[in-house]
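Undergrad: What follows is the file target_1.cif, containing mmCIF, C-alpha atoms and all ligand atoms:
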```
data_structure
#
loop_
_atom_site.label_atom_id
_atom_site.label_comp_id
_atom_site.auth_asym_id
_atom_site.auth_seq_id
_atom_site.Cartn_x
_atom_site.Cartn_y
_atom_site.Cartn_z
CA MET A 4 0.00 0.00 0.00
CA LEU A 5 1.28 3.42 -0.96
CA ILE A 6 0.93 6.02 1.75
CA ILE A 7 0.55 9.48 0.31
CA GLY A 8 0.06 12.50 2.52
CA THR A 9 1.21 16.03 3.14
CA THR A 10 3.59 17.56 5.62
CA ALA A 11 4.70 21.10 6.43
CA ILE A 12 8.42 21.91 6.47
CA ASN A 13 10.00 25.15 7.64
CA PHE A 14 12.68 26.84 5.57
CA THR A 15 14.85 29.71 6.65
CA ARG A 16 14.57 32.61 4.22
CA ASP A 17 16.93 35.04 5.88
CA THR A 18 18.31 36.08 9.21
CA GLY A 19 18.99 39.36 10.95
CA THR A 20 18.43 41.18 14.20
CA PHE A 21 15.25 42.68 15.64
CA HIS A 22 13.61 43.80 18.85
CA CYS A 23 12.03 40.59 20.19
CA PRO A 24 8.62 41.33 21.80
CA ASN A 25 9.07 38.41 24.18
CA CYS A 26 12.72 38.90 25.22
CA GLU A 27 12.18 42.68 25.14
CA ALA A 28 15.73 42.92 23.82
CA HIS A 29 17.67 43.12 20.59
CA THR A 30 18.15 39.53 19.40
CA GLU A 31 18.81 37.51 16.26
CA TYR A 32 15.92 36.21 14.20
CA ARG A 33 15.33 33.70 11.44
CA ARG A 34 12.63 34.51 8.90
CA ARG A 35 11.03 31.18 8.09
CA ILE A 36 8.61 29.92 5.51
CA ALA A 37 6.44 26.89 6.10
CA ARG A 38 5.82 24.97 2.90
CA GLN A 39 3.47 22.08 2.43
CA PHE A 40 4.90 18.96 0.77
CA LEU A 41 3.30 15.95 -0.77
CA THR A 42 4.75 12.92 0.94
CA LEU A 43 5.15 9.30 -0.04
CA TYR A 44 5.65 6.97 2.90
CA PHE A 45 6.10 10.14 4.97
CA VAL A 46 9.08 11.30 2.86
CA PRO A 47 8.55 14.83 1.51
CA LEU A 48 8.53 14.79 -2.29
CA ILE A 49 6.75 17.61 -4.04
CA PRO A 50 6.46 21.15 -2.69
CA LEU A 51 2.79 22.12 -2.81
CA LYS A 52 2.31 25.62 -1.53
CA GLN A 53 3.67 28.17 0.85
CA VAL A 54 1.49 27.94 3.95
CA GLY A 55 2.94 30.73 6.00
CA GLU A 56 5.80 33.01 6.82
CA PHE A 57 6.92 33.90 10.30
CA VAL A 58 9.85 35.33 12.22
CA GLU A 59 11.43 33.19 14.91
CA CYS A 60 13.56 34.64 17.72
CA ARG A 61 16.76 32.59 18.04
CA ALA A 62 16.97 33.33 21.76
CA CYS A 63 13.48 32.44 23.03
CA LYS A 64 12.27 30.44 19.96
CA ASN A 65 8.93 32.25 19.90
CA SER A 66 7.34 33.04 16.54
CA PHE A 67 5.97 36.38 15.43
CA ARG A 68 4.28 37.81 12.38
CA PRO A 69 6.81 38.90 9.71
CA ASP A 70 6.29 42.68 9.99
CA VAL A 71 7.66 42.61 13.55
CA ILE A 72 11.22 43.05 12.18
CA ASP A 73 10.38 46.56 10.94
CA MET A 74 8.76 47.68 14.18
CA SER A 75 10.38 49.88 16.81
CA PRO A 76 10.30 48.85 20.50
CA GLU A 77 7.66 51.56 20.99
CA GLN A 78 5.46 50.20 18.16
CA ILE A 79 5.84 46.66 19.55
CA ARG A 80 4.75 47.85 23.00
CA GLU A 81 1.73 49.58 21.50
CA ALA A 82 0.78 46.52 19.43
CA ALA A 83 1.13 44.29 22.52
CA GLU A 84 -1.06 46.68 24.50
CA ILE A 85 -3.77 46.59 21.82
CA ALA A 86 -3.57 42.78 21.57
CA PHE A 87 -3.85 42.53 25.36
CA PHE A 88 -6.90 44.76 25.43
CA GLU A 89 -8.62 42.87 22.60
CA ASN A 90 -8.16 39.64 24.55
CA ALA A 91 -9.31 41.23 27.81
CA TYR A 92 -12.40 42.56 26.04
CA ARG A 93 -13.21 39.10 24.68
CA ILE A 94 -12.76 37.56 28.14
CA MET A 95 -15.09 40.13 29.77
CA VAL A 96 -17.72 39.39 27.14
CA LEU A 97 -17.34 35.63 27.73
CA ILE A 98 -17.89 36.24 31.46
CA MET A 99 -20.96 38.33 30.66
CA ILE A 100 -22.60 35.60 28.55
CA ALA A 101 -21.49 32.69 30.77
CA ASP A 102 -24.80 32.66 32.68
CA GLY A 103 -26.82 32.62 29.46
CA THR A 104 -28.23 36.12 29.91
CA VAL A 105 -27.07 39.64 29.17
CA ASP A 106 -28.42 42.53 31.20
CA GLU A 107 -28.09 46.28 31.09
CA GLU A 108 -25.80 46.58 34.13
CA GLU A 109 -23.33 44.11 32.61
CA LEU A 110 -23.31 45.97 29.29
CA GLU A 111 -22.83 49.29 31.08
CA THR A 112 -19.93 47.90 33.15
CA ILE A 113 -18.15 46.64 30.03
CA ARG A 114 -18.78 49.96 28.25
CA ARG A 115 -17.22 51.79 31.19
CA LEU A 116 -14.18 49.46 31.36
CA VAL A 117 -13.55 49.77 27.61
CA ALA A 118 -13.61 53.57 27.95
CA GLU A 119 -11.24 53.36 30.93
CA PHE A 120 -8.76 51.28 28.95
CA THR A 121 -8.85 52.84 25.53
CA ASN A 122 -10.11 56.38 26.19
CA GLU A 123 -12.58 55.59 23.45
CA GLU A 124 -16.32 55.32 23.66
CA THR A 125 -17.91 52.08 22.62
CA THR A 126 -21.60 51.48 22.15
CA VAL A 127 -23.88 48.86 23.62
CA ASP A 128 -24.50 47.68 20.03
CA ASP A 129 -20.79 47.01 19.60
CA ILE A 130 -20.69 44.98 22.82
CA VAL A 131 -23.72 43.00 21.67
CA GLU A 132 -21.89 42.26 18.39
CA GLN A 133 -18.88 41.09 20.41
CA ALA A 134 -21.21 38.91 22.47
CA LYS A 135 -22.53 37.20 19.33
CA ALA A 136 -18.99 36.37 18.18
CA ALA A 137 -18.08 35.21 21.69
CA ALA A 138 -21.15 32.94 21.79
CA HIS A 139 -19.75 31.04 18.78
CA ALA A 140 -16.42 30.64 20.59
CA LEU A 141 -18.25 29.45 23.71
CA ASP A 142 -20.08 26.82 21.65
CA ARG A 143 -16.69 25.45 20.63
CA GLY A 144 -15.60 25.21 24.26
CA TYR A 145 -13.72 28.51 24.44
CA ASP A 146 -14.91 29.86 27.77
CA ALA A 147 -13.23 32.70 29.68
CA VAL A 148 -10.96 30.27 31.53
CA ARG A 149 -9.63 28.53 28.45
CA TYR A 150 -9.32 31.80 26.58
CA SER A 151 -7.35 33.35 29.48
CA ARG A 152 -5.03 30.36 29.70
CA GLU A 153 -4.18 30.51 26.00
CA ALA A 154 -3.94 34.29 25.70
CA SER A 155 -1.95 35.03 28.86
CA GLY A 156 1.47 33.66 27.81
CA GLN A 157 3.10 37.08 27.68
CA TRP A 158 0.93 38.97 30.15
CA SER A 159 2.56 40.84 33.02
CA ASP A 160 1.34 40.35 36.61
CA GLU A 161 -0.35 43.72 36.35
CA GLN A 162 -2.24 42.68 33.22
CA LYS A 163 -3.37 39.40 34.84
CA GLU A 164 -4.58 41.36 37.84
CA SER A 165 -6.52 43.77 35.67
CA VAL A 166 -8.27 40.91 33.86
CA ILE A 167 -9.38 39.36 37.17
CA ARG A 168 -10.61 42.77 38.34
CA MET A 169 -12.57 43.38 35.12
CA CYS A 170 -14.12 39.91 35.21
CA PHE A 171 -15.16 40.36 38.84
CA LEU A 172 -16.77 43.73 38.05
CA VAL A 173 -18.67 42.28 35.08
CA ALA A 174 -19.72 39.14 37.00
CA THR A 175 -21.09 41.20 39.88
CA ALA A 176 -22.56 44.05 37.80
CA SER A 177 -26.12 42.96 38.43
CA GLY A 178 -25.80 41.66 41.98
CA GLU A 179 -23.99 39.21 44.20
CA LEU A 180 -21.36 36.84 42.86
CA MET A 181 -23.19 33.59 42.07
CA PRO A 182 -21.48 30.31 43.08
CA SER A 183 -21.02 29.38 39.38
CA GLN A 184 -19.35 32.74 38.70
CA ASN A 185 -17.15 32.40 41.76
CA ASN A 186 -16.14 28.98 40.52
CA GLN A 187 -15.25 30.43 37.13
CA LEU A 188 -13.13 33.20 38.72
CA GLN A 189 -11.29 30.58 40.80
CA ARG A 190 -10.56 28.58 37.65
CA MET A 191 -9.27 31.78 36.02
CA ARG A 192 -7.00 32.27 39.02
CA PHE A 193 -5.48 28.82 38.30
CA ALA A 194 -5.26 29.51 34.56
CA LEU A 195 -3.39 32.77 35.23
CA LYS A 196 -1.24 31.23 37.99
CA ILE A 197 -2.20 33.81 40.62
CA ASP A 198 -1.71 32.74 44.24
CA GLU A 199 -4.65 32.67 46.62
CA GLU A 200 -3.61 35.62 48.78
CA ARG A 201 -3.00 37.91 45.84
CA PHE A 202 -6.30 36.86 44.29
CA ARG A 203 -8.10 37.69 47.55
CA GLN A 204 -6.56 41.17 47.52
CA ILE A 205 -7.57 41.80 43.91
CA ILE A 206 -11.18 40.78 44.66
CA GLU A 207 -11.26 42.84 47.84
CA ARG A 208 -10.07 45.98 46.02
CA ALA A 209 -12.48 45.36 43.15
CA SER A 210 -15.44 44.93 45.48
CA GLN A 211 -14.64 48.26 47.12
CA GLU A 212 -14.81 50.13 43.82
CA GLN A 213 -18.35 48.91 43.15
CA ILE A 214 -20.95 51.60 43.48
ZN ZN B 1 12.97 36.35 21.99
#
```
Can the structure from this file be put into structure tokens for me?
Ligand SMILES: [Zn+2]
TA:
Amino acid sequence: MLIIGTTAINFTRDTGTFHCPNCEAHTEYRRRIARQFLTLYFVPLIPLKQVGEFVECRACKNSFRPDVIDMSPEQIREAAEIAFFENAYRIMVLIMIADGTVDEEELETIRRLVAEFTNEETTVDDIVEQAKAAAHALDRGYDAVRYSREASGQWSDEQKESVIRMCFLVATASGELMPSQNNQLQRMRFALKIDEERFRQIIERASQEQI
């Protein structure tokens, strides 16, 4: 029996130096191209198509999108800040829809937190749109806990803390923290590797800022 399949192989296109977003330092990179090959008995034979290009830091081995090599440290910080906020926004929305309902207080809390973070006004309609997209993710098993675990690789302690605070404020926007919500926050604490004492302090501070 002939076994024909495909495999992806990475090629180095060029090398150079850049500001690595993960190392936060000037390091060497390899620009790599992943190409799909037709294989026979698992041996790559025929190149099929280019499936992706990425930049790999030779120090930390993390991969980044190719345009990172032209970005200044300042631009990288800004891009990381935006990416963090987009993830935090998605996590807040996942917390909001976790109980199966969306109410006005929750929407208002998210609107206020988005304004606090971005200095930009968002509308309730925009948050509802986000909620629809998040509902699809939730159907595929991407709840706030899983999303946090996968998105938090490069978050600082301060960023982790701010996500817990935001989630607490959204979860309690329309009343007391329900046992299921408390359980979800505890699982987020594990996902973000925050110790119990620190978590208690974050929740205590957040509950004091509630009006
Ligand atoms: Zn690096």
Undergrad: Taking all atoms listed in the file into account, name the residue in A:Lys64, A:Phe14, A:Glu31, A:Gln78 that is nearest to Pro50 of chain A.
TA: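 Distance minimum relative to Pro50 of chain A lands on A:Phe14.
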Undergrad: Could you jot down the atom CA of Arg203 of chain A to atom CA of Met191 of chain A separation for me, Å, one decimal place?
TA: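 Separation between atom CA of Arg203 of chain A and atom CA of Met191 of chain A: 13.0 Å.
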Undergrad: May I ask for the distance between atom CA of Gln162 of chain A and atom CA of Ala118 of chain A, given in Å to one decimal place?
TA: 16.6 Å
Undergrad: Which polymer residues, whether protein, DNA or RNA, lie within 7 Å of the coordinate (9.2, 28.5, 6.4) when you count all atoms listed in the file? List them as a list of chain:residue names, using the chain letters and numbers from the file.
TA: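 Residues with an atom at most 7 Å from (9.2, 28.5, 6.4): A:Ile12, A:Asn13, A:Phe14, A:Thr15, A:Arg35, A:Ile36, A:Ala37, A:Arg38, A:Gly55, A:Glu56.
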Undergrad: Quick one, how far is atom CA of Leu172 of chain A from atom CA of Glu81 of chain A?
TA: 25.5 Å
Undergrad: Distance limit 7 Å, reference ligand ZN 1 (chain B), atoms considered: all atoms listed in the file. Which residues make the cut? Give them as an MDAnalysis selection string.
TA: chainID A and resid 23:26 30 60:65
Undergrad: Can you write out the residues you just picked, keeping C-alpha atoms, as a short mmCIF file (atom, residue, chain, number, x, y, z; two decimals), in the frame of the given file?
TA:
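Written out: out-v8.cif:
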```cif
data_model
loop_
_atom_site.label_atom_id
_atom_site.label_comp_id
_atom_site.auth_asym_id
_atom_site.auth_seq_id
_atom_site.Cartn_x
_atom_site.Cartn_y
_atom_site.Cartn_z
CA CYS A 23 12.03 40.59 20.19
CA PRO A 24 8.62 41.33 21.80
CA ASN A 25 9.07 38.41 24.18
CA CYS A 26 12.72 38.90 25.22
CA THR A 30 18.15 39.53 19.40
CA CYS A 60 13.56 34.64 17.72
CA ARG A 61 16.76 32.59 18.04
CA ALA A 62 16.97 33.33 21.76
CA CYS A 63 13.48 32.44 23.03
CA LYS A 64 12.27 30.44 19.96
CA ASN A 65 8.93 32.25 19.90
#
```
Undergrad: For a cutoff of 6 Å around the file-coordinate point (15.9, 34.6, 11.6), which residues qualify once you count only C-alpha atoms? I'd like the result as a list in words.
TA: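 Within 6 Å of (15.9, 34.6, 11.6), the protein and nucleic acid residues are Asp17, Thr18, Gly19, Tyr32, Arg33, Arg34 and Glu59 of chain A.
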Undergrad: Would you write out those residues with C-alpha atoms, as an mmCIF file, in the frame of the given file?
TA:
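Dumped to part_35.cif:
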```
data_model
loop_
_atom_site.group_PDB
_atom_site.id
_atom_site.type_symbol
_atom_site.label_atom_id
_atom_site.label_comp_id
_atom_site.auth_asym_id
_atom_site.auth_seq_id
_atom_site.Cartn_x
_atom_site.Cartn_y
_atom_site.Cartn_z
ATOM 1 C CA ASP A 17 16.930 35.040 5.880
ATOM 2 C CA THR A 18 18.310 36.080 9.210
ATOM 3 C CA GLY A 19 18.990 39.360 10.950
ATOM 4 C CA TYR A 32 15.920 36.210 14.200
ATOM 5 C CA ARG A 33 15.330 33.700 11.440
ATOM 6 C CA ARG A 34 12.630 34.510 8.900
ATOM 7 C CA GLU A 59 11.430 33.190 14.910
#
```
Undergrad: At a cut-off of 12 Å, using only C-alpha atoms, what residues contact Glu119 of chain A? Leave out same-chain residues fewer than 5 positions from it and give the result as a PyMOL selection string.
TA: chain A and resi 88+92+112-114+124-125+165+169
Undergrad: Could you write out the selected residues, including C-alpha atoms, as a PDB file, in the coordinates of the input?
TA:
```pdb
ATOM      1  CA  PHE A  88      -6.900  44.760  25.430  1.00  0.00           C
ATOM      2  CA  TYR A  92     -12.400  42.560  26.040  1.00  0.00           C
ATOM      3  CA  THR A 112     -19.930  47.900  33.150  1.00  0.00           C
ATOM      4  CA  ILE A 113     -18.150  46.640  30.030  1.00  0.00           C
ATOM      5  CA  ARG A 114     -18.780  49.960  28.250  1.00  0.00           C
ATOM      6  CA  GLU A 124     -16.320  55.320  23.660  1.00  0.00           C
ATOM      7  CA  THR A 125     -17.910  52.080  22.620  1.00  0.00           C
ATOM      8  CA  SER A 165      -6.520  43.770  35.670  1.00  0.00           C
ATOM      9  CA  MET A 169     -12.570  43.380  35.120  1.00  0.00           C
TER      10      MET A 169
END
```
Undergrad: So, counting only C-alpha atoms, which residue among A:Lys163, A:Arg201, A:Arg93, A:Arg80 is closest to Val117 of chain A?
TA: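 Closest candidate: A:Arg93.
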Undergrad: With only C-alpha atoms as the basis for distance, which of A:Glu89, A:Leu43, A:Glu111, A:Phe171 is at the shortest distance from Gln211 of chain A?
TA: A:Phe171
